[in-house]
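Asker: Pasting a structure here, questions to come.
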Amino acid sequence: MEAVTKIIPFYGREIKLRIGTFAPQAGGSVLVQCGETAILVTATRGPARDGVDFVPLLVDYEERLYAAGRIPGGFLRREGRPPEKATLTCRLIDRPMRPLFPNWLRDDVQIVATTMAIDEKVPPDVLAVTGASIAALIAGLPFMGPMAGVRVGLVGDEFIINPTYAEVEAGDLDLVVAGTAEGIIMVEAGANQLPEADMIEAIDFGYEAVLELIKAQIDLLQELGIALPEIVNPETDSTLENFIADTVKDKVAQVVASCEKDRNVRDAHLDAIKAELLAAIAALPDEDPVKLVADKKVISATYKELTKKLMRLQVIEQSVRIDGRKLDEVRPIWTEVSVIPRVHGSGLFNRGLTQVLTIATLGTPGDAQEMDDLHPDAKKRYMHHYNFPPYSVGEARPMRSAGRREIGHGALAERALLPVLPSKAEFPYVLRLVSEVLSSNGSTSMGSVCGSTLALMDAGVPISKPVSGVAMGLIKEGDEVRILTDIQGIEDFLGDMDFKVAGTDTGITALQMDMKITSISMDTVRSAVMQAKTGRAHIMGKMLELISAPRPQLSPYAPRLLTIRIDPEQIGMIIGPGGKNIKGITEETGAKIDIEDDGTVMISSMSGEGALKAKRIIENMTRRVGSGDVYLGKVTRIIPIGAFVEFLPGKEGMVHISQLAEGRVGKVEDEVAVGDEVLIKIREVDNRGRFNLTRLGIHPDEAAAARTAAATSAE
């Protein structure tokens with residue numbers, strides 16, 4: 001392909017596309033550049049593999065640290081396991097791309113986005129979303145695009161398209177919208193309790209920008225002489241489908257209409273009908289047309305499709321769900337806190353057959369996560385991890401490390417709770433929440449949000465407001481649309497949308513919408529957001545019946561954390577030569593001490609007394625000493641002309657022999673010995689910062705106050 005460069009003016013910036021220059025053996029490639037951020041996106045198609053019964057789309061996002069002028073750490077000095085942000089970007093690209101491939105596609109398709117350069121203004125992820133669409137179209141894949149994605153920020157009262165890192169950090173919204181010319185296909189957002197009406201406006205604003213990028217892609221394809229692919233569904237043999245419908249349709253319809261609330265009972269009935277079906281097919285003569293086209297996998301898929309049609313038909317025609325609920329009805333909820341002993345906080349959230357247990361752990365500043373990716377943030381003081389073991393769905397399979405789904409669900413719950421967490425100045429603890437999915441039947445990520453709120457309040461974390469979440473579903477047949485509140489597993493599997501909404505009674509804190517159809521309208525998005533508000537309020541009410549506010553005290557097993565501020569010039573004095581002073585404080589008190597460059601000192605200890613003692617030592621070390629101050633000190637050494645006395649930790653001065661006692665003193669040893677406790681007064685602080693001390697002229701009241709202060713510090 002001949003090299004082509006296209007410039008797209010876009011909301012005060014330019015997006016530069018270079019095509020036909022890079023990766024010539026890939027099916028399609030484009031270098032997308034905005035500012036000094038550049039990302040290479042390729043799309044490649046491989047042959048189909050035997051036994052694959054799904055669309056085998058693989059999306060990889062590769063971060064290269066050279067993009068930011070950095071060399072990786074560790075012994076290998078090269079990139080290894082992808083950081084969490086890279087995994088989340090993979091999902092961000094995958095989610096709007098996947099519904100746009102026909103469900104009959106069995107060829108391997110791989111999208112690879114590689115960040116080649118990055119500046120401090122333009123995040124690469126939404127560029128990669130649009131780049132993936134361009135690469136797929138250039139590659140001639142059966143892709144129902146164009147598709148594009150944009151980020152929307154909110155600074156003050158103004159929405160901003162593709163804001164900088166700083167604008168996202170300073171604003172109240174981080175929203176990504178992706179769509180096609182027909183409608184919206186993916187939404188993901190974190191927000192600072194944004195009212196529903198404002199969130200809807202933001203999504204609409206973002207979609208208008210998406211349409212501009214879609215038009216630019218169409219113009220580009222025309223310039224390249226590339227036609228949009230015509231998606232022609234292959235003809236299918238309806239012999240098996242008709243046989244299955246004639247044989248078991250009435251029985252399946254009866255199970256669906258029974259509105260059985262117990263999933264296990266319902267599944268048992270459907271499995272029994274399927275077994276009858278398999279037996280009926282097995283009894284057919286070998287030359288029967290049905291038997292010739294049927295294998296176990298095809299039969300299973302066709303049977304599921306029949307169940308899907310009947311379930312959807314009941315929702316559309318009767319507004320009744322498979323478990324008998326109304327469209328906007330939430331499953332039964334029960335909750336519990338302080339479930340697990342010794343941990344800092346725990347919350348159990350149960351909704352229907354979905355059960356999530358979240359554990360809260362409070363750590364010290366040194367426990368913050370070091371980030372090794374291209375994002376500007378260097379440390380992370382709040383982490384949310386999500387685990388989905390096989391027993392949660394009644395399966396037995398090997399346990400693996402967290403996959404993309406686990407990372408994505410954990411990040412969504414983390415984003416939902418971030419706006420209500422106390423500031424570092426107010427609550428300097430590092431927080432880790434772990435959500436253990438004990439049983440799954442739909443919307444475990446929103447169950448994690450609810451369980452996490454309970455665990456935080458149980459731990460005594462002063463969150464500003466509780467957060468609840470709900471997953472919304474969709475059944476769309478032609479022009480008929482039905483929105484479902486609190487979808488369970490089968491409604492997610494057989495439905496068209498999974499739209500997760502989390503927030504407080506003030507507004508939304510997180511959104512994530514995934515589609516299984518090619519798009520939905522803004523009217524549908526609006527209805528789903530508003531219906532979710534009612535569902536969230538119901539769930540919140542059930543949670544607050546159990547615990548209405550954070551506990552006033554932390555768990556006795558949580559570390560005690562104290563914060564003081566010192567002059568940054570005094571940091572070296574606290575640390576001491578080779579860390580001598582700070583090590584000494586730790587050994588004496590058992591406390592852990594973290595010092596930041598601005599002079600913030602954070603002291604943590606499992607013992608409150610140890611933290612207080614370390615605090616007093618540091619306060620004494622950094623106390624400004626003035627002439628006339630009186631202290632109880634200890635003699636540390638003696639020289640012929642006087643005695644050195646340590647009167648505060650790390651602070652020492654000399655009492656001249658003439659200041660040891662009234663009258664003449666022949667020898668210093670006649671008055672004091674090493675280790676003696678003595679009352680001293682500061683005579684002066686010379687121009688070199690040295691302390692000249694005296695034992696003379698100390699009033700009894702001053703002496704009593706000094707002894708009391710020394711006793712308090714020693715406790």
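In the structure tokens, chains take the letters A, B, ... in the order shown, each chain's residues start at 1, and ligands count up from 1 in the order shown.
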Leaving out segment 224-228 of chain A and any residue of its chain fewer than 6 positions from it, which residues lie within 9 Å of it when counting only C-alpha atoms, given as a VMD selection string?
Answerer: chain A and resid 1 to 2 4 137 to 138 140 143 to 146 218
Asker: How would the residues just picked look written out with N, CA, C and O atoms as an mmCIF file, in the first residue's frame?
Answerer:
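Result file follows (out.cif):
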data_model
loop_
_atom_site.group_PDB
_atom_site.id
_atom_site.type_symbol
_atom_site.label_atom_id
_atom_site.label_comp_id
_atom_site.auth_asym_id
_atom_site.auth_seq_id
_atom_site.Cartn_x
_atom_site.Cartn_y
_atom_site.Cartn_z
ATOM 1 N N MET A 1 0.850 -1.196 0.000
ATOM 2 C CA MET A 1 0.000 0.000 0.000
ATOM 3 C C MET A 1 0.891 1.253 0.000
ATOM 4 O O MET A 1 1.905 1.318 0.695
ATOM 5 N N GLU A 2 0.497 2.226 -0.782
ATOM 6 C CA GLU A 2 1.243 3.476 -0.841
ATOM 7 C C GLU A 2 1.108 4.236 0.478
ATOM 8 O O GLU A 2 0.047 4.258 1.097
ATOM 9 N N VAL A 4 0.465 6.942 3.096
ATOM 10 C CA VAL A 4 -0.484 8.050 3.154
ATOM 11 C C VAL A 4 -0.451 8.653 4.547
ATOM 12 O O VAL A 4 -0.376 7.934 5.547
ATOM 13 N N LEU A 137 -10.296 -2.157 9.318
ATOM 14 C CA LEU A 137 -10.896 -1.829 8.024
ATOM 15 C C LEU A 137 -9.864 -1.914 6.906
ATOM 16 O O LEU A 137 -10.161 -2.406 5.807
ATOM 17 N N ILE A 138 -8.648 -1.437 7.162
ATOM 18 C CA ILE A 138 -7.590 -1.527 6.142
ATOM 19 C C ILE A 138 -7.265 -2.989 5.841
ATOM 20 O O ILE A 138 -6.983 -3.359 4.701
ATOM 21 N N GLY A 140 -9.265 -5.364 5.733
ATOM 22 C CA GLY A 140 -10.349 -6.023 5.023
ATOM 23 C C GLY A 140 -11.064 -7.074 5.850
ATOM 24 O O GLY A 140 -11.658 -8.011 5.300
ATOM 25 N N PHE A 143 -15.682 -6.589 9.476
ATOM 26 C CA PHE A 143 -15.810 -5.731 10.652
ATOM 27 C C PHE A 143 -16.895 -4.698 10.378
ATOM 28 O O PHE A 143 -16.833 -3.965 9.381
ATOM 29 N N MET A 144 -17.877 -4.612 11.250
ATOM 30 C CA MET A 144 -19.020 -3.731 11.038
ATOM 31 C C MET A 144 -18.746 -2.336 11.576
ATOM 32 O O MET A 144 -19.506 -1.779 12.361
ATOM 33 N N GLY A 145 -17.619 -1.759 11.139
ATOM 34 C CA GLY A 145 -17.253 -0.413 11.542
ATOM 35 C C GLY A 145 -17.668 0.586 10.472
ATOM 36 O O GLY A 145 -18.512 0.280 9.628
ATOM 37 N N PRO A 146 -17.079 1.800 10.519
ATOM 38 C CA PRO A 146 -16.056 2.254 11.461
ATOM 39 C C PRO A 146 -16.599 2.441 12.883
ATOM 40 O O PRO A 146 -17.785 2.625 13.101
ATOM 41 N N ILE A 218 -14.287 7.275 7.302
ATOM 42 C CA ILE A 218 -14.941 7.015 6.011
ATOM 43 C C ILE A 218 -14.246 7.800 4.901
ATOM 44 O O ILE A 218 -13.984 7.270 3.807
#
Asker: Sorted by chain and rising residue number, list the residues of segment 408-505 of chain A at most 10 Å from segment 194-216 of chain A (counting only C-alpha atoms), each with its closest atom pair and distance in Å to one decimal, as a tab-separated table.
Answerer:
residue	atom	partner	partner_atom	distance
A:Gly503	CA	A:Leu194	CA	8.5
A:Thr504	CA	A:Leu194	CA	9.3
A:Asp505	CA	A:Pro195	CA	9.1
Asker: Just the helix (DSSP H, G or I) stuff from segment 314-528 of chain A, please, per backbone DSSP, written as a PDB file with N, CA and C atoms, in the first residue's frame.
Answerer:
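As written to disk, part-v1.pdb reads:
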ATOM      1  N   GLN A 314     -40.541 -13.931  26.203  1.00  0.00           N
ATOM      2  CA  GLN A 314     -41.357 -13.724  27.400  1.00  0.00           C
ATOM      3  C   GLN A 314     -41.135 -12.326  27.974  1.00  0.00           C
ATOM      4  N   VAL A 315     -39.893 -11.860  27.942  1.00  0.00           N
ATOM      5  CA  VAL A 315     -39.591 -10.516  28.447  1.00  0.00           C
ATOM      6  C   VAL A 315     -40.245  -9.459  27.563  1.00  0.00           C
ATOM      7  N   ILE A 316     -40.117  -9.617  26.253  1.00  0.00           N
ATOM      8  CA  ILE A 316     -40.667  -8.632  25.321  1.00  0.00           C
ATOM      9  C   ILE A 316     -42.199  -8.599  25.379  1.00  0.00           C
ATOM     10  N   GLU A 317     -42.834  -9.759  25.377  1.00  0.00           N
ATOM     11  CA  GLU A 317     -44.296  -9.813  25.268  1.00  0.00           C
ATOM     12  C   GLU A 317     -45.011  -9.657  26.606  1.00  0.00           C
ATOM     13  N   GLN A 318     -44.396 -10.159  27.696  1.00  0.00           N
ATOM     14  CA  GLN A 318     -45.094 -10.167  28.978  1.00  0.00           C
ATOM     15  C   GLN A 318     -44.409  -9.314  30.044  1.00  0.00           C
ATOM     16  N   PRO A 365       2.193   3.993  54.924  1.00  0.00           N
ATOM     17  CA  PRO A 365       2.576   4.614  53.644  1.00  0.00           C
ATOM     18  C   PRO A 365       3.585   3.804  52.846  1.00  0.00           C
ATOM     19  N   GLY A 366       4.434   3.062  53.531  1.00  0.00           N
ATOM     20  CA  GLY A 366       5.411   2.243  52.819  1.00  0.00           C
ATOM     21  C   GLY A 366       4.791   1.088  52.063  1.00  0.00           C
ATOM     22  N   ASP A 367       3.504   0.804  52.321  1.00  0.00           N
ATOM     23  CA  ASP A 367       2.806  -0.281  51.626  1.00  0.00           C
ATOM     24  C   ASP A 367       2.203   0.165  50.300  1.00  0.00           C
ATOM     25  N   PRO A 390     -13.102 -21.051  40.991  1.00  0.00           N
ATOM     26  CA  PRO A 390     -14.024 -21.910  40.228  1.00  0.00           C
ATOM     27  C   PRO A 390     -15.222 -22.393  41.041  1.00  0.00           C
ATOM     28  N   TYR A 391     -15.056 -22.571  42.359  1.00  0.00           N
ATOM     29  CA  TYR A 391     -16.194 -23.058  43.147  1.00  0.00           C
ATOM     30  C   TYR A 391     -17.347 -22.063  43.175  1.00  0.00           C
ATOM     31  N   SER A 392     -17.082 -20.793  42.818  1.00  0.00           N
ATOM     32  CA  SER A 392     -18.147 -19.784  42.848  1.00  0.00           C
ATOM     33  C   SER A 392     -19.232 -20.053  41.805  1.00  0.00           C
ATOM     34  N   VAL A 393     -18.903 -20.868  40.802  1.00  0.00           N
ATOM     35  CA  VAL A 393     -19.903 -21.257  39.800  1.00  0.00           C
ATOM     36  C   VAL A 393     -20.064 -22.778  39.766  1.00  0.00           C
ATOM     37  N   ARG A 404      -7.512 -11.203  32.814  1.00  0.00           N
ATOM     38  CA  ARG A 404      -7.995  -9.880  32.400  1.00  0.00           C
ATOM     39  C   ARG A 404      -9.347  -9.554  33.030  1.00  0.00           C
ATOM     40  N   ARG A 405     -10.201 -10.565  33.149  1.00  0.00           N
ATOM     41  CA  ARG A 405     -11.523 -10.317  33.728  1.00  0.00           C
ATOM     42  C   ARG A 405     -11.395  -9.905  35.193  1.00  0.00           C
ATOM     43  N   GLU A 406     -10.572 -10.631  35.949  1.00  0.00           N
ATOM     44  CA  GLU A 406     -10.395 -10.307  37.364  1.00  0.00           C
ATOM     45  C   GLU A 406      -9.798  -8.915  37.540  1.00  0.00           C
ATOM     46  N   ILE A 407      -8.814  -8.601  36.731  1.00  0.00           N
ATOM     47  CA  ILE A 407      -8.191  -7.280  36.816  1.00  0.00           C
ATOM     48  C   ILE A 407      -9.200  -6.189  36.461  1.00  0.00           C
ATOM     49  N   GLY A 408      -9.986  -6.433  35.434  1.00  0.00           N
ATOM     50  CA  GLY A 408     -10.978  -5.438  35.015  1.00  0.00           C
ATOM     51  C   GLY A 408     -12.048  -5.203  36.058  1.00  0.00           C
ATOM     52  N   HIS A 409     -12.569  -6.278  36.652  1.00  0.00           N
ATOM     53  CA  HIS A 409     -13.614  -6.124  37.668  1.00  0.00           C
ATOM     54  C   HIS A 409     -13.061  -5.441  38.916  1.00  0.00           C
ATOM     55  N   GLY A 410     -11.821  -5.784  39.289  1.00  0.00           N
ATOM     56  CA  GLY A 410     -11.217  -5.120  40.437  1.00  0.00           C
ATOM     57  C   GLY A 410     -11.029  -3.637  40.202  1.00  0.00           C
ATOM     58  N   ALA A 411     -10.609  -3.283  38.991  1.00  0.00           N
ATOM     59  CA  ALA A 411     -10.407  -1.870  38.662  1.00  0.00           C
ATOM     60  C   ALA A 411     -11.720  -1.101  38.657  1.00  0.00           C
ATOM     61  N   LEU A 412     -12.799  -1.736  38.205  1.00  0.00           N
ATOM     62  CA  LEU A 412     -14.098  -1.068  38.187  1.00  0.00           C
ATOM     63  C   LEU A 412     -14.568  -0.773  39.615  1.00  0.00           C
ATOM     64  N   ALA A 413     -14.455  -1.753  40.505  1.00  0.00           N
ATOM     65  CA  ALA A 413     -14.846  -1.535  41.897  1.00  0.00           C
ATOM     66  C   ALA A 413     -13.951  -0.488  42.557  1.00  0.00           C
ATOM     67  N   GLU A 414     -12.682  -0.522  42.221  1.00  0.00           N
ATOM     68  CA  GLU A 414     -11.744   0.477  42.754  1.00  0.00           C
ATOM     69  C   GLU A 414     -12.152   1.885  42.329  1.00  0.00           C
ATOM     70  N   ARG A 415     -12.476   2.024  41.071  1.00  0.00           N
ATOM     71  CA  ARG A 415     -12.888   3.327  40.537  1.00  0.00           C
ATOM     72  C   ARG A 415     -14.183   3.810  41.190  1.00  0.00           C
ATOM     73  N   ALA A 416     -15.095   2.869  41.488  1.00  0.00           N
ATOM     74  CA  ALA A 416     -16.384   3.237  42.072  1.00  0.00           C
ATOM     75  C   ALA A 416     -16.241   3.824  43.465  1.00  0.00           C
ATOM     76  N   LEU A 417     -15.239   3.362  44.223  1.00  0.00           N
ATOM     77  CA  LEU A 417     -15.095   3.783  45.615  1.00  0.00           C
ATOM     78  C   LEU A 417     -14.110   4.926  45.808  1.00  0.00           C
ATOM     79  N   LEU A 418     -13.261   5.162  44.823  1.00  0.00           N
ATOM     80  CA  LEU A 418     -12.213   6.172  44.967  1.00  0.00           C
ATOM     81  C   LEU A 418     -12.740   7.559  45.343  1.00  0.00           C
ATOM     82  N   PRO A 419     -13.842   8.035  44.757  1.00  0.00           N
ATOM     83  CA  PRO A 419     -14.290   9.401  45.078  1.00  0.00           C
ATOM     84  C   PRO A 419     -14.740   9.605  46.522  1.00  0.00           C
ATOM     85  N   VAL A 420     -15.073   8.552  47.248  1.00  0.00           N
ATOM     86  CA  VAL A 420     -15.584   8.730  48.614  1.00  0.00           C
ATOM     87  C   VAL A 420     -14.527   8.446  49.669  1.00  0.00           C
ATOM     88  N   THR A 444     -21.144  -9.773  39.813  1.00  0.00           N
ATOM     89  CA  THR A 444     -20.243  -9.871  40.966  1.00  0.00           C
ATOM     90  C   THR A 444     -19.422  -8.603  41.144  1.00  0.00           C
ATOM     91  N   SER A 445     -19.170  -7.867  40.057  1.00  0.00           N
ATOM     92  CA  SER A 445     -18.396  -6.625  40.193  1.00  0.00           C
ATOM     93  C   SER A 445     -19.173  -5.601  41.023  1.00  0.00           C
ATOM     94  N   MET A 446     -20.477  -5.495  40.796  1.00  0.00           N
ATOM     95  CA  MET A 446     -21.269  -4.568  41.596  1.00  0.00           C
ATOM     96  C   MET A 446     -21.477  -5.114  43.016  1.00  0.00           C
ATOM     97  N   GLY A 447     -21.506  -6.436  43.153  1.00  0.00           N
ATOM     98  CA  GLY A 447     -21.498  -7.018  44.487  1.00  0.00           C
ATOM     99  C   GLY A 447     -20.230  -6.671  45.231  1.00  0.00           C
ATOM    100  N   SER A 448     -19.116  -6.584  44.497  1.00  0.00           N
ATOM    101  CA  SER A 448     -17.839  -6.188  45.107  1.00  0.00           C
ATOM    102  C   SER A 448     -17.888  -4.750  45.595  1.00  0.00           C
ATOM    103  N   VAL A 449     -18.542  -3.884  44.833  1.00  0.00           N
ATOM    104  CA  VAL A 449     -18.683  -2.485  45.257  1.00  0.00           C
ATOM    105  C   VAL A 449     -19.455  -2.415  46.574  1.00  0.00           C
ATOM    106  N   CYS A 450     -20.561  -3.139  46.647  1.00  0.00           N
ATOM    107  CA  CYS A 450     -21.384  -3.104  47.856  1.00  0.00           C
ATOM    108  C   CYS A 450     -20.654  -3.739  49.034  1.00  0.00           C
ATOM    109  N   GLY A 451     -20.021  -4.892  48.814  1.00  0.00           N
ATOM    110  CA  GLY A 451     -19.260  -5.534  49.875  1.00  0.00           C
ATOM    111  C   GLY A 451     -18.111  -4.673  50.352  1.00  0.00           C
ATOM    112  N   SER A 452     -17.488  -3.923  49.443  1.00  0.00           N
ATOM    113  CA  SER A 452     -16.374  -3.057  49.808  1.00  0.00           C
ATOM    114  C   SER A 452     -16.827  -1.884  50.665  1.00  0.00           C
ATOM    115  N   THR A 453     -17.990  -1.322  50.346  1.00  0.00           N
ATOM    116  CA  THR A 453     -18.537  -0.252  51.179  1.00  0.00           C
ATOM    117  C   THR A 453     -18.753  -0.749  52.604  1.00  0.00           C
ATOM    118  N   LEU A 454     -19.320  -1.943  52.734  1.00  0.00           N
ATOM    119  CA  LEU A 454     -19.549  -2.517  54.057  1.00  0.00           C
ATOM    120  C   LEU A 454     -18.221  -2.745  54.788  1.00  0.00           C
ATOM    121  N   ALA A 455     -17.224  -3.276  54.082  1.00  0.00           N
ATOM    122  CA  ALA A 455     -15.934  -3.565  54.711  1.00  0.00           C
ATOM    123  C   ALA A 455     -15.229  -2.284  55.158  1.00  0.00           C
ATOM    124  N   LEU A 456     -15.293  -1.235  54.334  1.00  0.00           N
ATOM    125  CA  LEU A 456     -14.662   0.034  54.704  1.00  0.00           C
ATOM    126  C   LEU A 456     -15.316   0.630  55.949  1.00  0.00           C
ATOM    127  N   MET A 457     -16.633   0.615  56.003  1.00  0.00           N
ATOM    128  CA  MET A 457     -17.313   1.160  57.174  1.00  0.00           C
ATOM    129  C   MET A 457     -17.037   0.300  58.408  1.00  0.00           C
ATOM    130  N   ASP A 458     -16.958  -1.019  58.222  1.00  0.00           N
ATOM    131  CA  ASP A 458     -16.641  -1.907  59.336  1.00  0.00           C
ATOM    132  C   ASP A 458     -15.226  -1.655  59.845  1.00  0.00           C
ATOM    133  N   ALA A 459     -14.313  -1.266  58.927  1.00  0.00           N
ATOM    134  CA  ALA A 459     -12.923  -0.997  59.315  1.00  0.00           C
ATOM    135  C   ALA A 459     -12.750   0.376  59.955  1.00  0.00           C
ATOM    136  N   GLY A 489     -27.086 -14.319  35.909  1.00  0.00           N
ATOM    137  CA  GLY A 489     -26.178 -14.878  34.912  1.00  0.00           C
ATOM    138  C   GLY A 489     -26.815 -15.202  33.585  1.00  0.00           C
ATOM    139  N   ILE A 490     -27.972 -15.856  33.596  1.00  0.00           N
ATOM    140  CA  ILE A 490     -28.594 -16.257  32.332  1.00  0.00           C
ATOM    141  C   ILE A 490     -29.058 -15.041  31.540  1.00  0.00           C
ATOM    142  N   GLU A 491     -29.463 -13.970  32.234  1.00  0.00           N
ATOM    143  CA  GLU A 491     -29.912 -12.756  31.535  1.00  0.00           C
ATOM    144  C   GLU A 491     -28.730 -12.017  30.917  1.00  0.00           C
ATOM    145  N   ASP A 492     -27.561 -12.132  31.553  1.00  0.00           N
ATOM    146  CA  ASP A 492     -26.343 -11.564  30.968  1.00  0.00           C
ATOM    147  C   ASP A 492     -25.964 -12.361  29.720  1.00  0.00           C
ATOM    148  N   PHE A 493     -25.995 -13.689  29.850  1.00  0.00           N
ATOM    149  CA  PHE A 493     -25.585 -14.568  28.751  1.00  0.00           C
ATOM    150  C   PHE A 493     -26.531 -14.469  27.555  1.00  0.00           C
ATOM    151  N   LEU A 494     -27.824 -14.390  27.819  1.00  0.00           N
ATOM    152  CA  LEU A 494     -28.816 -14.400  26.741  1.00  0.00           C
ATOM    153  C   LEU A 494     -29.281 -13.001  26.339  1.00  0.00           C
ATOM    154  N   MET A 522     -29.011   6.773  22.308  1.00  0.00           N
ATOM    155  CA  MET A 522     -28.872   7.602  23.501  1.00  0.00           C
ATOM    156  C   MET A 522     -30.116   7.515  24.369  1.00  0.00           C
ATOM    157  N   ASP A 523     -31.287   7.360  23.759  1.00  0.00           N
ATOM    158  CA  ASP A 523     -32.518   7.232  24.552  1.00  0.00           C
ATOM    159  C   ASP A 523     -32.459   5.995  25.446  1.00  0.00           C
ATOM    160  N   THR A 524     -31.919   4.896  24.913  1.00  0.00           N
ATOM    161  CA  THR A 524     -31.798   3.678  25.708  1.00  0.00           C
ATOM    162  C   THR A 524     -30.792   3.863  26.836  1.00  0.00           C
ATOM    163  N   VAL A 525     -29.679   4.515  26.540  1.00  0.00           N
ATOM    164  CA  VAL A 525     -28.679   4.806  27.579  1.00  0.00           C
ATOM    165  C   VAL A 525     -29.317   5.640  28.687  1.00  0.00           C
ATOM    166  N   ARG A 526     -30.056   6.663  28.291  1.00  0.00           N
ATOM    167  CA  ARG A 526     -30.708   7.552  29.269  1.00  0.00           C
ATOM    168  C   ARG A 526     -31.656   6.751  30.171  1.00  0.00           C
ATOM    169  N   SER A 527     -32.467   5.893  29.573  1.00  0.00           N
ATOM    170  CA  SER A 527     -33.421   5.108  30.352  1.00  0.00           C
ATOM    171  C   SER A 527     -32.712   4.156  31.305  1.00  0.00           C
ATOM    172  N   ALA A 528     -31.623   3.547  30.837  1.00  0.00           N
ATOM    173  CA  ALA A 528     -30.886   2.597  31.681  1.00  0.00           C
ATOM    174  C   ALA A 528     -30.256   3.291  32.879  1.00  0.00           C
TER     175      ALA A 528
END
Asker: I want to know what sits within 8 Å of segment 600-609 of chain A, based on only C-alpha atoms, with residues of the same chain fewer than 6 positions away left out; could you give that as a ChimeraX atom specification?
Answerer: /A:364-365,428,557-566,590-594,615
Asker: Only N, CA, C and O atoms, please: the residues just picked out, written as a compact mmCIF listing (two decimals), in the first residue's frame.
Answerer:
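As written to disk, out_33.txt reads:
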# COMPACT_ATOMS: atom_id res chain seq x y z
N THR A 364 0.54 0.93 56.05
CA THR A 364 1.32 2.15 56.27
C THR A 364 1.73 2.75 54.94
O THR A 364 1.62 2.09 53.89
N PRO A 365 2.19 3.99 54.92
CA PRO A 365 2.58 4.61 53.64
C PRO A 365 3.59 3.80 52.85
O PRO A 365 3.57 3.84 51.62
N PRO A 428 -4.08 8.95 56.41
CA PRO A 428 -2.88 8.62 55.63
C PRO A 428 -2.64 7.14 55.40
O PRO A 428 -1.60 6.77 54.85
N TYR A 557 -6.54 -4.56 65.56
CA TYR A 557 -5.47 -5.23 64.82
C TYR A 557 -4.89 -4.36 63.71
O TYR A 557 -3.93 -4.76 63.05
N ALA A 558 -5.46 -3.19 63.51
CA ALA A 558 -4.95 -2.28 62.48
C ALA A 558 -3.77 -1.49 63.04
O ALA A 558 -3.74 -1.17 64.23
N PRO A 559 -2.79 -1.17 62.20
CA PRO A 559 -1.67 -0.36 62.70
C PRO A 559 -2.14 1.03 63.09
O PRO A 559 -3.08 1.57 62.53
N ARG A 560 -1.47 1.58 64.09
CA ARG A 560 -1.76 2.96 64.51
C ARG A 560 -0.83 3.88 63.74
O ARG A 560 0.38 3.65 63.68
N LEU A 561 -1.40 4.90 63.18
CA LEU A 561 -0.65 5.77 62.27
C LEU A 561 -0.79 7.21 62.73
O LEU A 561 -1.91 7.71 62.90
N LEU A 562 0.34 7.84 62.97
CA LEU A 562 0.37 9.24 63.38
C LEU A 562 1.14 10.04 62.35
O LEU A 562 2.09 9.53 61.72
N THR A 563 0.74 11.28 62.16
CA THR A 563 1.40 12.14 61.18
C THR A 563 1.81 13.45 61.83
O THR A 563 1.02 14.06 62.56
N ILE A 564 3.04 13.87 61.58
CA ILE A 564 3.50 15.18 62.02
C ILE A 564 4.24 15.83 60.86
O ILE A 564 4.66 15.17 59.92
N ARG A 565 4.37 17.14 60.94
CA ARG A 565 5.10 17.89 59.92
C ARG A 565 6.34 18.50 60.54
O ARG A 565 6.29 19.05 61.65
N ILE A 566 7.45 18.40 59.84
CA ILE A 566 8.70 19.01 60.28
C ILE A 566 9.25 19.88 59.17
O ILE A 566 8.79 19.82 58.02
N GLY A 590 9.70 0.22 68.20
CA GLY A 590 9.02 -0.75 67.36
C GLY A 590 8.18 -0.12 66.28
O GLY A 590 7.44 -0.81 65.57
N ALA A 591 8.27 1.19 66.11
CA ALA A 591 7.46 1.90 65.12
C ALA A 591 8.19 1.98 63.78
O ALA A 591 9.42 1.99 63.72
N LYS A 592 7.40 2.03 62.71
CA LYS A 592 7.94 2.22 61.36
C LYS A 592 7.75 3.68 60.98
O LYS A 592 6.70 4.26 61.21
N ILE A 593 8.78 4.27 60.40
CA ILE A 593 8.75 5.71 60.12
C ILE A 593 8.98 5.93 58.62
O ILE A 593 9.95 5.41 58.05
N ASP A 594 8.08 6.67 58.00
CA ASP A 594 8.20 7.07 56.59
C ASP A 594 8.25 8.58 56.53
O ASP A 594 7.41 9.27 57.12
N LYS A 615 6.66 9.36 68.10
CA LYS A 615 6.26 10.74 67.79
C LYS A 615 6.91 11.72 68.75
O LYS A 615 7.43 12.78 68.34
Asker: Env of Leu696 of chain A: 10 Å cut, atoms = only C-alpha atoms, seq-sep filter 4 positions within chain, self excluded. Answer as number ranges by chain.
Answerer: A: 658-662, 679-681, 683
Asker: In terms of the shortest atom-to-atom distance over only C-alpha atoms, which of A:Leu57, A:Val112, A:Leu374, A:Ala283 is closest to Pro83 of chain A?
Answerer: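 Of the candidates, the smallest distance to Pro83 of chain A is held by A:Leu374.
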Asker: Quick one: residues within 7 Å of Val501 of chain A, only C-alpha atoms, excluding same-chain residues fewer than 3 positions away - as a PyMOL selection string?
Answerer: chain A and resi 469-471+510-512+532
Asker: Which residue, A:Ile575, A:Met543, A:Leu693, A:Cys90, has the smallest gap to Asp125 of chain A when you use only C-alpha atoms?
Answerer: A:Cys90
Asker: What is the atom CA of Thr358 of chain A to atom CA of Ile333 of chain A distance in Å?
Answerer: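 Taking atom CA of Thr358 of chain A and atom CA of Ile333 of chain A, their separation equals 15.9 Å.
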